[in-house]
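This is start_7.txt. It holds compact mmCIF, C-alpha atoms.
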# COMPACT_ATOMS: atom_id res chain seq x y z
CA MET A 7 87.16 6.95 -11.72
CA LEU A 8 84.99 5.76 -8.86
CA ILE A 9 81.21 5.94 -8.75
CA ARG A 10 79.71 5.99 -5.27
CA ASP A 11 76.57 7.12 -3.44
CA VAL A 12 76.32 10.85 -2.98
CA THR A 13 76.86 12.39 0.46
CA GLU A 14 75.85 15.78 1.85
CA ALA A 15 79.49 16.83 1.54
CA ASP A 16 79.30 16.39 -2.25
CA TRP A 17 76.51 18.88 -2.78
CA PRO A 18 78.69 22.05 -2.75
CA HIS A 19 80.72 20.41 -5.53
CA ILE A 20 77.66 19.43 -7.57
CA TRP A 21 75.66 22.65 -7.29
CA PRO A 22 77.98 24.96 -9.31
CA PHE A 23 77.90 22.84 -12.48
CA LEU A 24 74.30 21.73 -11.99
CA ARG A 25 73.32 25.41 -11.73
CA ASP A 26 75.35 26.36 -14.80
CA ILE A 27 73.88 23.52 -16.87
CA CYS A 28 70.35 24.56 -15.83
CA ARG A 29 71.06 28.23 -16.53
CA ALA A 30 72.35 27.41 -19.99
CA GLY A 31 68.94 25.83 -20.62
CA GLU A 32 70.10 23.73 -23.55
CA THR A 33 69.77 20.20 -22.25
CA PHE A 34 67.51 20.03 -19.18
CA SER A 35 63.91 20.95 -18.53
CA TYR A 36 64.70 22.29 -15.07
CA PRO A 37 64.01 25.97 -14.37
CA THR A 38 66.76 28.09 -15.91
CA ASP A 39 66.63 30.22 -12.75
CA ILE A 40 66.84 27.17 -10.50
CA THR A 41 67.56 27.89 -6.83
CA GLU A 42 70.00 25.85 -4.78
CA GLU A 43 67.09 24.56 -2.69
CA GLN A 44 65.24 23.37 -5.81
CA GLY A 45 68.40 21.83 -7.20
CA ARG A 46 68.97 19.87 -4.04
CA ALA A 47 65.35 18.68 -3.95
CA PHE A 48 65.38 17.63 -7.62
CA TRP A 49 68.74 15.92 -7.56
CA LEU A 50 69.41 14.31 -4.17
CA LEU A 51 67.05 11.33 -4.08
CA SER A 52 66.34 8.92 -1.30
CA ALA A 53 65.05 5.35 -1.68
CA PRO A 54 63.53 4.01 -3.85
CA GLY A 55 65.59 6.52 -5.84
CA ARG A 56 69.35 6.90 -5.63
CA THR A 57 71.94 9.56 -6.46
CA VAL A 58 75.61 8.89 -7.17
CA VAL A 59 78.72 10.87 -8.00
CA ALA A 60 81.66 9.98 -10.20
CA VAL A 61 84.95 11.06 -8.60
CA ASP A 62 88.54 10.90 -9.75
CA ASP A 63 91.47 9.57 -7.73
CA ALA A 64 91.83 12.91 -5.95
CA GLY A 65 88.17 12.80 -4.94
CA THR A 66 87.10 15.56 -7.34
CA VAL A 67 83.44 15.28 -8.37
CA LEU A 68 83.37 14.81 -12.15
CA GLY A 69 79.66 14.21 -12.61
CA THR A 70 76.52 12.87 -11.01
CA ALA A 71 73.51 10.71 -11.80
CA LYS A 72 70.14 10.19 -10.22
CA MET A 73 67.92 7.19 -10.79
CA ASN A 74 64.36 6.42 -9.76
CA PRO A 75 61.14 4.67 -10.71
CA ASN A 76 59.72 6.57 -13.69
CA GLN A 77 56.11 6.14 -12.57
CA MET A 78 54.33 4.82 -9.49
CA GLY A 79 51.93 1.98 -8.84
CA ASN A 80 51.53 -0.55 -11.62
CA ALA A 81 54.06 1.27 -13.78
CA ALA A 82 56.82 1.44 -11.16
CA HIS A 83 58.78 -1.39 -12.79
CA VAL A 84 60.28 1.00 -15.35
CA SER A 85 63.12 3.17 -14.08
CA SER A 86 64.43 6.53 -15.19
CA ALA A 87 67.72 8.36 -14.73
CA SER A 88 69.39 11.73 -15.34
CA PHE A 89 73.02 12.67 -15.71
CA MET A 90 75.10 15.82 -15.29
CA VAL A 91 78.78 15.96 -16.03
CA ASP A 92 80.88 18.94 -14.99
CA PRO A 93 81.80 20.60 -18.31
CA ALA A 94 85.34 20.98 -16.95
CA HIS A 95 85.59 17.18 -17.02
CA ALA A 96 83.70 16.40 -20.23
CA GLY A 97 85.05 13.98 -22.82
CA ARG A 98 86.49 11.55 -20.28
CA GLY A 99 83.72 8.97 -20.42
CA VAL A 100 82.09 10.18 -17.23
CA GLY A 101 78.59 10.26 -18.74
CA ARG A 102 78.97 6.76 -20.14
CA ALA A 103 80.23 5.39 -16.83
CA LEU A 104 77.34 7.03 -14.97
CA CYS A 105 74.79 5.69 -17.44
CA ARG A 106 76.20 2.17 -17.12
CA GLU A 107 75.99 2.49 -13.34
CA THR A 108 72.31 3.44 -13.46
CA LEU A 109 71.57 0.51 -15.79
CA ASP A 110 73.38 -1.86 -13.43
CA TRP A 111 71.42 -0.43 -10.51
CA ALA A 112 68.10 -0.75 -12.33
CA ALA A 113 68.79 -4.35 -13.34
CA ARG A 114 69.88 -5.22 -9.80
CA GLU A 115 66.75 -3.61 -8.35
CA GLY A 116 64.53 -5.65 -10.64
CA TYR A 117 63.35 -2.91 -13.01
CA ARG A 118 62.27 -4.18 -16.41
CA GLY A 119 63.40 -1.18 -18.41
CA MET A 120 64.72 2.37 -18.29
CA GLN A 121 62.96 5.34 -19.80
CA PHE A 122 64.18 8.88 -20.41
CA ASN A 123 61.26 11.28 -20.69
CA ALA A 124 62.90 14.36 -22.09
CA VAL A 125 66.06 14.01 -24.17
CA VAL A 126 66.58 17.21 -26.14
CA GLU A 127 66.86 16.31 -29.82
CA SER A 128 69.72 18.76 -30.39
CA ASN A 129 71.75 17.21 -27.56
CA ALA A 130 73.49 14.93 -30.04
CA PRO A 131 76.14 13.59 -27.65
CA ALA A 132 73.45 12.43 -25.20
CA VAL A 133 71.32 10.84 -27.93
CA ALA A 134 74.41 9.07 -29.31
CA LEU A 135 75.51 7.89 -25.86
CA TYR A 136 72.11 6.50 -24.94
CA SER A 137 71.73 4.86 -28.36
CA SER A 138 75.13 3.20 -27.97
CA LEU A 139 73.95 1.76 -24.65
CA GLY A 140 70.88 0.15 -26.17
CA PHE A 141 68.27 2.88 -25.86
CA ARG A 142 65.97 3.62 -28.76
CA ILE A 143 63.76 6.62 -29.42
CA LEU A 144 60.17 5.61 -28.61
CA GLY A 145 58.82 8.88 -29.88
CA THR A 146 59.53 12.59 -30.12
CA VAL A 147 57.40 15.43 -28.79
CA PRO A 148 57.33 17.87 -31.72
CA ASP A 149 58.79 21.24 -30.69
CA GLY A 150 58.82 19.91 -27.13
CA PHE A 151 61.83 21.99 -26.07
CA ARG A 152 62.60 25.65 -26.61
CA HIS A 153 66.34 25.79 -27.10
CA PRO A 154 67.75 29.22 -26.27
CA HIS A 155 69.72 29.39 -29.54
CA LEU A 156 68.10 26.86 -31.88
CA GLY A 157 64.46 27.64 -31.12
CA TYR A 158 61.94 24.84 -30.84
CA VAL A 159 63.40 21.35 -31.15
CA GLY A 160 62.00 17.90 -30.49
CA LEU A 161 62.05 16.17 -27.14
CA HIS A 162 62.77 12.44 -27.36
CA ILE A 163 61.35 9.75 -25.15
CA MET A 164 63.99 7.00 -25.07
CA PHE A 165 63.76 3.48 -23.68
CA ARG A 166 65.67 0.30 -23.27
CA PRO A 167 64.48 -2.98 -21.81
CA LEU A 168 66.40 -4.65 -18.99
CA MET B 25 26.73 19.51 -16.92
CA LEU B 26 28.88 22.32 -15.58
CA ILE B 27 32.67 22.29 -15.34
CA ARG B 28 34.14 24.58 -12.71
CA ASP B 29 37.25 24.99 -10.56
CA VAL B 30 37.47 22.51 -7.72
CA THR B 31 36.88 23.68 -4.14
CA GLU B 32 37.87 22.12 -0.83
CA ALA B 33 34.23 21.09 -0.39
CA ASP B 34 34.46 18.88 -3.51
CA TRP B 35 37.26 16.68 -2.19
CA PRO B 36 35.05 14.37 -0.08
CA HIS B 37 33.07 13.70 -3.26
CA ILE B 38 36.15 13.08 -5.40
CA TRP B 39 38.13 10.89 -3.02
CA PRO B 40 35.82 7.82 -2.99
CA PHE B 41 35.94 7.26 -6.76
CA LEU B 42 39.55 8.42 -7.10
CA ARG B 43 40.50 5.87 -4.42
CA ASP B 44 38.50 3.11 -6.10
CA ILE B 45 40.01 3.83 -9.51
CA CYS B 46 43.51 3.76 -8.00
CA ARG B 47 42.79 0.56 -6.07
CA ALA B 48 41.53 -1.15 -9.20
CA GLY B 49 44.96 -0.38 -10.70
CA GLU B 50 43.84 -0.80 -14.30
CA THR B 51 44.17 2.69 -15.69
CA PHE B 52 46.41 4.88 -13.50
CA SER B 53 49.99 4.65 -12.35
CA TYR B 54 49.17 5.97 -8.90
CA PRO B 55 49.85 3.71 -5.91
CA THR B 56 47.10 1.10 -5.65
CA ASP B 57 47.19 1.64 -1.87
CA ILE B 58 46.96 5.41 -2.24
CA THR B 59 46.21 7.33 0.94
CA GLU B 60 43.77 10.20 1.08
CA GLU B 61 46.64 12.59 1.79
CA GLN B 62 48.53 11.39 -1.29
CA GLY B 63 45.40 11.58 -3.39
CA ARG B 64 44.82 15.16 -2.38
CA ALA B 65 48.44 16.11 -3.07
CA PHE B 66 48.44 14.42 -6.48
CA TRP B 67 45.09 15.73 -7.63
CA LEU B 68 44.41 19.19 -6.21
CA LEU B 69 46.75 21.48 -8.11
CA SER B 70 47.44 25.14 -7.66
CA ALA B 71 48.76 27.52 -10.32
CA PRO B 72 50.29 27.06 -12.81
CA GLY B 73 48.24 23.85 -12.62
CA ARG B 74 44.47 23.71 -12.27
CA THR B 75 41.89 21.16 -11.12
CA VAL B 76 38.24 21.17 -12.14
CA VAL B 77 35.12 19.13 -11.45
CA ALA B 78 32.20 18.31 -13.71
CA VAL B 79 28.92 18.56 -11.83
CA ASP B 80 25.32 17.90 -12.83
CA ASP B 81 22.37 20.22 -12.27
CA ALA B 82 21.97 18.92 -8.73
CA GLY B 83 25.62 19.72 -7.98
CA THR B 84 26.70 16.06 -7.90
CA VAL B 85 30.38 15.59 -8.80
CA LEU B 86 30.50 13.41 -11.94
CA GLY B 87 34.20 13.57 -12.64
CA THR B 88 37.33 15.64 -12.32
CA ALA B 89 40.36 16.72 -14.31
CA LYS B 90 43.71 18.19 -13.47
CA MET B 91 45.97 20.03 -15.89
CA ASN B 92 49.51 21.31 -15.60
CA PRO B 93 52.76 21.98 -17.43
CA ASN B 94 54.21 18.59 -18.36
CA GLN B 95 57.79 19.68 -17.77
CA MET B 96 59.55 22.73 -16.35
CA GLY B 97 61.96 25.29 -17.75
CA ASN B 98 62.38 25.30 -21.50
CA ALA B 99 59.87 22.47 -21.90
CA ALA B 100 57.08 24.10 -19.89
CA HIS B 101 55.14 25.10 -23.01
CA VAL B 102 53.67 21.60 -23.32
CA SER B 103 50.81 20.82 -20.97
CA SER B 104 49.49 17.58 -19.54
CA ALA B 105 46.19 16.52 -18.00
CA SER B 106 44.52 13.62 -16.21
CA PHE B 107 40.89 12.65 -15.90
CA MET B 108 38.81 10.60 -13.50
CA VAL B 109 35.11 9.98 -13.99
CA ASP B 110 33.00 8.47 -11.25
CA PRO B 111 32.11 4.99 -12.61
CA ALA B 112 28.56 5.62 -11.38
CA HIS B 113 28.31 8.38 -13.98
CA ALA B 114 30.23 6.82 -16.87
CA GLY B 115 28.91 6.86 -20.43
CA ARG B 116 27.48 10.36 -20.20
CA GLY B 117 30.24 12.19 -22.00
CA VAL B 118 31.85 13.44 -18.79
CA GLY B 119 35.36 12.40 -19.81
CA ARG B 120 35.01 14.04 -23.22
CA ALA B 121 33.72 17.28 -21.69
CA LEU B 122 36.59 17.32 -19.19
CA CYS B 123 39.17 16.66 -21.89
CA ARG B 124 37.77 19.48 -24.04
CA GLU B 125 37.94 21.77 -21.01
CA THR B 126 41.61 21.01 -20.43
CA LEU B 127 42.39 21.62 -24.11
CA ASP B 128 40.56 24.96 -23.97
CA TRP B 129 42.48 25.87 -20.84
CA ALA B 130 45.82 24.90 -22.35
CA ALA B 131 45.16 26.89 -25.52
CA ARG B 132 44.03 29.89 -23.48
CA GLU B 133 47.15 29.70 -21.30
CA GLY B 134 49.39 29.68 -24.35
CA TYR B 135 50.60 26.06 -24.24
CA ARG B 136 51.72 24.73 -27.61
CA GLY B 137 50.60 21.16 -27.09
CA MET B 138 49.25 18.61 -24.64
CA GLN B 139 51.02 15.38 -23.75
CA PHE B 140 49.79 12.34 -21.85
CA ASN B 141 52.72 10.39 -20.42
CA ALA B 142 51.06 7.15 -19.41
CA VAL B 143 47.92 6.02 -21.21
CA VAL B 144 47.40 2.32 -20.54
CA GLU B 145 47.16 0.52 -23.88
CA SER B 146 44.31 -1.69 -22.68
CA ASN B 147 42.25 1.34 -21.64
CA ALA B 148 40.55 1.37 -25.02
CA PRO B 149 37.88 3.96 -24.17
CA ALA B 150 40.55 6.47 -23.11
CA VAL B 151 42.71 5.82 -26.17
CA ALA B 152 39.65 6.20 -28.41
CA LEU B 153 38.52 9.38 -26.66
CA TYR B 154 41.92 11.04 -26.88
CA SER B 155 42.34 9.97 -30.50
CA SER B 156 38.95 11.45 -31.38
CA LEU B 157 40.10 14.75 -29.88
CA GLY B 158 43.19 14.94 -32.04
CA PHE B 159 45.78 13.13 -29.96
CA ARG B 160 48.10 10.64 -31.58
CA ILE B 161 50.31 7.99 -30.05
CA LEU B 162 53.91 9.30 -30.08
CA GLY B 163 55.24 6.02 -28.79
CA THR B 164 54.52 3.11 -26.50
CA VAL B 165 56.63 1.90 -23.59
CA PRO B 166 56.73 -1.88 -24.12
CA ASP B 167 55.23 -3.69 -21.12
CA GLY B 168 55.17 -0.33 -19.37
CA PHE B 169 52.13 -1.17 -17.22
CA ARG B 170 51.36 -4.25 -15.17
CA HIS B 171 47.62 -4.69 -15.50
CA PRO B 172 46.18 -6.70 -12.59
CA HIS B 173 44.24 -9.03 -14.94
CA LEU B 174 45.91 -8.71 -18.35
CA GLY B 175 49.53 -8.76 -17.21
CA TYR B 176 52.08 -6.47 -18.85
CA VAL B 177 50.62 -4.12 -21.45
CA GLY B 178 52.03 -1.10 -23.25
CA LEU B 179 51.95 2.44 -21.93
CA HIS B 180 51.25 5.04 -24.59
CA ILE B 181 52.66 8.54 -24.75
CA MET B 182 50.04 10.62 -26.54
CA PHE B 183 50.27 14.17 -27.87
CA ARG B 184 48.36 16.78 -29.73
CA PRO B 185 49.55 20.20 -30.84
CA LEU B 186 47.60 23.32 -29.87
Rewrite the structure from the file as structure tokens, please.
Amino acid sequence: MLIRDVTEADWPHIWPFLRDICRAGETFSYPTDITEEQGRAFWLLSAPGRTVVAVDDAGTVLGTAKMNPNQMGNAAHVSSASFMVDPAHAGRGVGRALCRETLDWAAREGYRGMQFNAVVESNAPAVALYSSLGFRILGTVPDGFRHPHLGYVGLHIMFRPL
Amino acid sequence: MLIRDVTEADWPHIWPFLRDICRAGETFSYPTDITEEQGRAFWLLSAPGRTVVAVDDAGTVLGTAKMNPNQMGNAAHVSSASFMVDPAHAGRGVGRALCRETLDWAAREGYRGMQFNAVVESNAPAVALYSSLGFRILGTVPDGFRHPHLGYVGLHIMFRPL
């Protein structure tokens, strides 16, 4: 698996699974009726942000991550990141590899920490992955997310120093 | 004191104190070199957001608030808000009146809570005000804000249900 900067040519391979993940509405706070134009604007970041893809040896896009300052001004030294893995390629460590890449990027860029603002409590694999990489739950917005099947669940704010 | 929806004619009265508050860099995570165009884009919200001003009997702008969904999609039922009071009119209850207004708005609009994402720990008056209105600290980003005089201080995430 290779992780590299995204290119325009990757977008048609990202959009189908990004759209499906948003439509499912179980893990992201993007619009469930997200348009391709919105998806592109939300996901493909330019500096100081960055977007990458994870590809296999055949060049197939397995997943993607975006990373960026979490706030501006005098709070811009804390980064954030988001990850989407194509469900067809889940369970192969793609999410973990992407998360490590964003942490490496953030450390290299001089950020002092990474914060996730909205980790859905019921997304146990994500919470476990982030925890295993040194993140802790700073706090949980009670009923912060309306899961389409589970109803209202908490929304974690997670953080790790760098 | 009257609180009403902002108009284009209010902006020239908001910008000077908004700019000064941003330049001071002690309480907001906006760029300290914020431009007027950025300030306008950050502060003047259209639906589903809303921006208001507090004015005195003579029509002088004393302060302003903006309010909006804190996230999108299945997390859009939690609101957020920000407040700026002209330092020339501090200590008159303007911030409290603006905060009450945003809570009334959020309740009326059907939001289930209000979240502040970045309350600077050293901004004791703000923390005290929000606490007195029912907000609690969900968590604190360690060293999340670089105060120009105090150095790194925490950045609180605060929440209250509605």
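Comparing A:Ile27, A:Ala112, A:Met7, A:Ile40 by their smallest distance to Gly55 of chain A, the closest is A:Ala112 (using only C-alpha atoms).
The closest residue to Leu86 of chain B, picked from B:Pro185, B:Gly115, B:Gly163, B:Gly137 and counting all atoms listed in the file, is B:Gly115.
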- [ ] Within 7 Å of chain B, which residues of chain A are there when counting only C-alpha atoms? Please give them as a VMD selection string.
- [x] chain A and resid 31 35 to 38 77 to 81 84 144 to 146 150 to 153
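Comparing the minimum interatomic distances between Leu24 of chain A and each of A:Val133, A:Leu109, A:Leu168, A:Leu50, counting only C-alpha atoms, we find that A:Leu50 sits nearest.
Between atom CA of Asn147 of chain B and atom CA of Val77 of chain B the separation is 21.7 Å.
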Open item on the list: Here is a test: counting all atoms listed in the file, which residue of B:Gln62, B:Leu157, B:Ala148, B:Pro72 is nearest to Glu125 of chain B?
Closed with: B:Leu157
TODO: Considering all atoms listed in the file, return as a list in words whatever protein or nucleic-acid residues lie within 12 Å of Arg106 of chain A, sequence-local ones (same chain, fewer than 6 positions apart) excluded.
DONE: Ile9, Ala60, Ala71, Met73, Ala87, Ser88, Phe89, Gly99, Val100, Ala112, Ala113, Met120, Leu135, Tyr136, Ser138, Leu139, Gly140 and Phe141 of chain A
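Of note, atom CA of Phe140 of chain B and atom CA of Asn92 of chain B are spaced 10.9 Å apart.
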Open item on the list: Show me the residues close to (80.7, 15.5, -12.3) - anything with an atom within 8 Å, counting only C-alpha atoms - and format the list as a count of residues only.
Closed with: 15
Open item on the list: What's the separation between atom CA of Ser103 of chain B and atom CA of Arg120 of chain B, in Å to one decimal place?
Closed with: 17.3 Å
